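These notes are about the structure you will find just below.
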Amino acid sequence: MSNELNGKTALVTGASRGIGKAIAIELANMGADVLINYNSSESLAKEVMEECQKIGVRSQIYQADTSVSGDVDKMFEKAESDFENIDILVNNAGVVNDRLLLRMTEEQWDQVINVDLKGPFLCTKRAVKTMLKKRWGRIINISSVVALGGNAGQSNYAAAKAGLSGLTKTAAQEFASRDITVNIVAPGFINTDITNSLPEKFRETMLDRVPMRRAGEPEEVANLVGFLCSENSSYITGQLFCIDGGLTLGG
């Protein structure tokens, strides 16, 4: 365990698996106490909490649907009661509900927009209150390369992730004078439960578009997030970082 984030407390939403889990463990390895948000996967969230505790930091799980303002308020009230301050917020919770635009229902649109865009808005608005008082904070929004180029069948997801860019850049301007940085990490094709369940032929087609000819690992995304949470990134705000093996180089 390093000591780069000693004395800091980080809240990672959607941290029970995949990229969120890797981020939680990386921040724990950097010395931060880690709060793990989940919506429905309590048993998996507990496993992540136990991994963080084994590293030697404090960790706790908090259930909340981050798209519901009442849930978010209750989560922050409990977390701040347990840990006093939240210094780092990683908005990672997200869902997909794919369908071609002409067939997409209003319910599918609303679900993805609410979780993937409204959720980060609610969590940021709540977390930044204590950051402003301390005059220090790190907010990392997990987006996707889909936000840059779109993707057939994902108009709701692409719109939400593109909207996250506007939210990030605006928040970065509003909070910069208080030493609060706000940045975006946009992963490409990453090895997760979802991508590993895709048909092999589709995976091969996707990987053919990646210049590095491989999928990324959640830990590689987590390493970038860890850097953006540290003092080493103190003069970086409002920026979008693609971590995609070169996938977006083609435009």
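Just so we're on the same page: first chain in the structure tokens is A, next is B, and so on; residues restart at 1 for each chain, and ligands are numbered from 1 in the order they show up.
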
*For Ile25 (chain A), work out the shell of residues within 9 Å, counting only C-alpha atoms and skipping chain neighbours fewer than 4 positions away, then give it as a PyMOL selection string.*
chain A and resi 20-21+29-30+34+48-49+51-52+55+219+222

_Residue set, region 39-216 of chain A restricted to strand (DSSP E), as a list of chain:residue names_ =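 In region 39-216 of chain A, DSSP puts these residues in strand (DSSP E): A:Ser59, A:Gln60, A:Ile61, A:Tyr62, A:Gln63, A:Ile88, A:Leu89, A:Val90, A:Asn91, A:Gly137, A:Arg138, A:Ile139, A:Ile140, A:Asn141, A:Ile142, A:Ile180, A:Thr181, A:Val182, A:Asn183, A:Ile184, A:Val185, A:Ala186, A:Pro187.
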
Go through region 169-211 of chain A and flag each residue having an atom no more than 12 Å from region 227-236 of chain A; for those, report the closest pair of atoms plus their distance in Å to one decimal, using only C-alpha atoms, ordered by chain and rising number, as JSON lines.
{"residue": "A:Lys169", "atom": "CA", "partner": "A:Ile236", "partner_atom": "CA", "distance": 11.6}
{"residue": "A:Ala172", "atom": "CA", "partner": "A:Ile236", "partner_atom": "CA", "distance": 9.6}
{"residue": "A:Gln173", "atom": "CA", "partner": "A:Ile236", "partner_atom": "CA", "distance": 11.6}
{"residue": "A:Ala176", "atom": "CA", "partner": "A:Tyr235", "partner_atom": "CA", "distance": 9.6}
{"residue": "A:Ser177", "atom": "CA", "partner": "A:Tyr235", "partner_atom": "CA", "distance": 11.4}
{"residue": "A:Arg178", "atom": "CA", "partner": "A:Ser234", "partner_atom": "CA", "distance": 11.6}
{"residue": "A:Asp179", "atom": "CA", "partner": "A:Ser234", "partner_atom": "CA", "distance": 7.9}
{"residue": "A:Ile180", "atom": "CA", "partner": "A:Ser234", "partner_atom": "CA", "distance": 8.7}
{"residue": "A:Thr181", "atom": "CA", "partner": "A:Ile236", "partner_atom": "CA", "distance": 6.9}
{"residue": "A:Val182", "atom": "CA", "partner": "A:Ile236", "partner_atom": "CA", "distance": 8.3}
{"residue": "A:Asn183", "atom": "CA", "partner": "A:Leu228", "partner_atom": "CA", "distance": 7.7}
{"residue": "A:Ile184", "atom": "CA", "partner": "A:Leu228", "partner_atom": "CA", "distance": 9.4}
{"residue": "A:Val185", "atom": "CA", "partner": "A:Leu228", "partner_atom": "CA", "distance": 9.3}

*Hey, what's within 7 Å of Cys242 (chain A) if we count only C-alpha atoms and toss same-chain stuff fewer than 2 positions away? As a ChimeraX atom specification, please?*
/A:145,185-187,240,244

Could the residues in this selection be written to a file with N, CA and C atoms, as a PDB file, in the first residue's frame?
ATOM      1  N   VAL A 145     -16.055   5.791 -24.568  1.00  0.00           N
ATOM      2  CA  VAL A 145     -15.703   6.306 -25.890  1.00  0.00           C
ATOM      3  C   VAL A 145     -16.935   6.430 -26.778  1.00  0.00           C
ATOM      4  N   VAL A 185     -12.984  10.032 -17.331  1.00  0.00           N
ATOM      5  CA  VAL A 185     -12.253   8.893 -17.880  1.00  0.00           C
ATOM      6  C   VAL A 185     -13.212   8.134 -18.792  1.00  0.00           C
ATOM      7  N   ALA A 186     -12.809   7.953 -20.039  1.00  0.00           N
ATOM      8  CA  ALA A 186     -13.670   7.301 -21.024  1.00  0.00           C
ATOM      9  C   ALA A 186     -13.040   5.987 -21.489  1.00  0.00           C
ATOM     10  N   PRO A 187     -13.442   4.872 -20.896  1.00  0.00           N
ATOM     11  CA  PRO A 187     -12.892   3.579 -21.305  1.00  0.00           C
ATOM     12  C   PRO A 187     -13.423   3.148 -22.668  1.00  0.00           C
ATOM     13  N   LEU A 240     -10.977  15.229 -20.562  1.00  0.00           N
ATOM     14  CA  LEU A 240     -11.459  13.889 -20.876  1.00  0.00           C
ATOM     15  C   LEU A 240     -10.280  13.027 -21.302  1.00  0.00           C
ATOM     16  N   ASP A 244      -8.338   3.434 -24.272  1.00  0.00           N
ATOM     17  CA  ASP A 244      -9.033   2.594 -25.255  1.00  0.00           C
ATOM     18  C   ASP A 244      -8.118   1.836 -26.213  1.00  0.00           C
TER      19      ASP A 244
END

*Counting only C-alpha atoms, which of A:Ile36, A:Glu84, A:Lys134, A:Ala158 gets nearest to Val112 (chain A)?*
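Distance minimum relative to Val112 (chain A) lands on A:Ala158.
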
_Among listed residues A:Ala159, A:Val68, A:Met75, A:Met131, nearest Trp109 (chain A) (using only C-alpha atoms)_ =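 Distance minimum relative to Trp109 (chain A) lands on A:Ala159.
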
_Exercise: Ile19 (chain A) partners within 9 Å, only C-alpha atoms, chain neighbours under 4 positions left out, as a count of residues only_ = 13

*Please identify which residues in region 76-152 of chain A DSSP calls alpha helix (DSSP H) from the backbone, and express them as a ChimeraX atom specification.*
/A:76-83,106-113,119-134,146-149

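Here CA of Ala28 (chain A) stands at a distance of 27.2 Å from CA of Arg214 (chain A).
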
*So, counting only C-alpha atoms, which residue among A:Thr13, A:Met104, A:Thr195, A:Leu247 is closest to Val146 (chain A)?*
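Of A:Thr13, A:Met104, A:Thr195, A:Leu247, the one nearest Val146 (chain A) is A:Leu247, counting only C-alpha atoms.
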
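Using only C-alpha atoms, the smallest distance between any of A:Arg213, A:Arg203, A:Lys161, A:Lys46 and Asp116 (chain A) comes from A:Lys161.
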
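One distance worth recording is that between CA of Leu164 (chain A) and CA of Glu80 (chain A), which is 25.3 Å.
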
*Restricting the calculation to only C-alpha atoms, which member of A:Asn114, A:Ser59, A:Asn97, A:Thr168 is positioned closest to Lys8 (chain A)?*
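Nearest candidate to Lys8 (chain A) out of A:Asn114, A:Ser59, A:Asn97, A:Thr168: A:Ser59.
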
*Between A:Thr237, A:Phe175, A:Leu101, A:Asp208, which one has atoms that come closest to Ser155 (chain A), using only C-alpha atoms?*
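The closest residue to Ser155 (chain A) is A:Leu101.
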
*What is the distance between CA of Gly188 (chain A) and CA of Gly250 (chain A), in Å to one decimal?*
13.2 Å
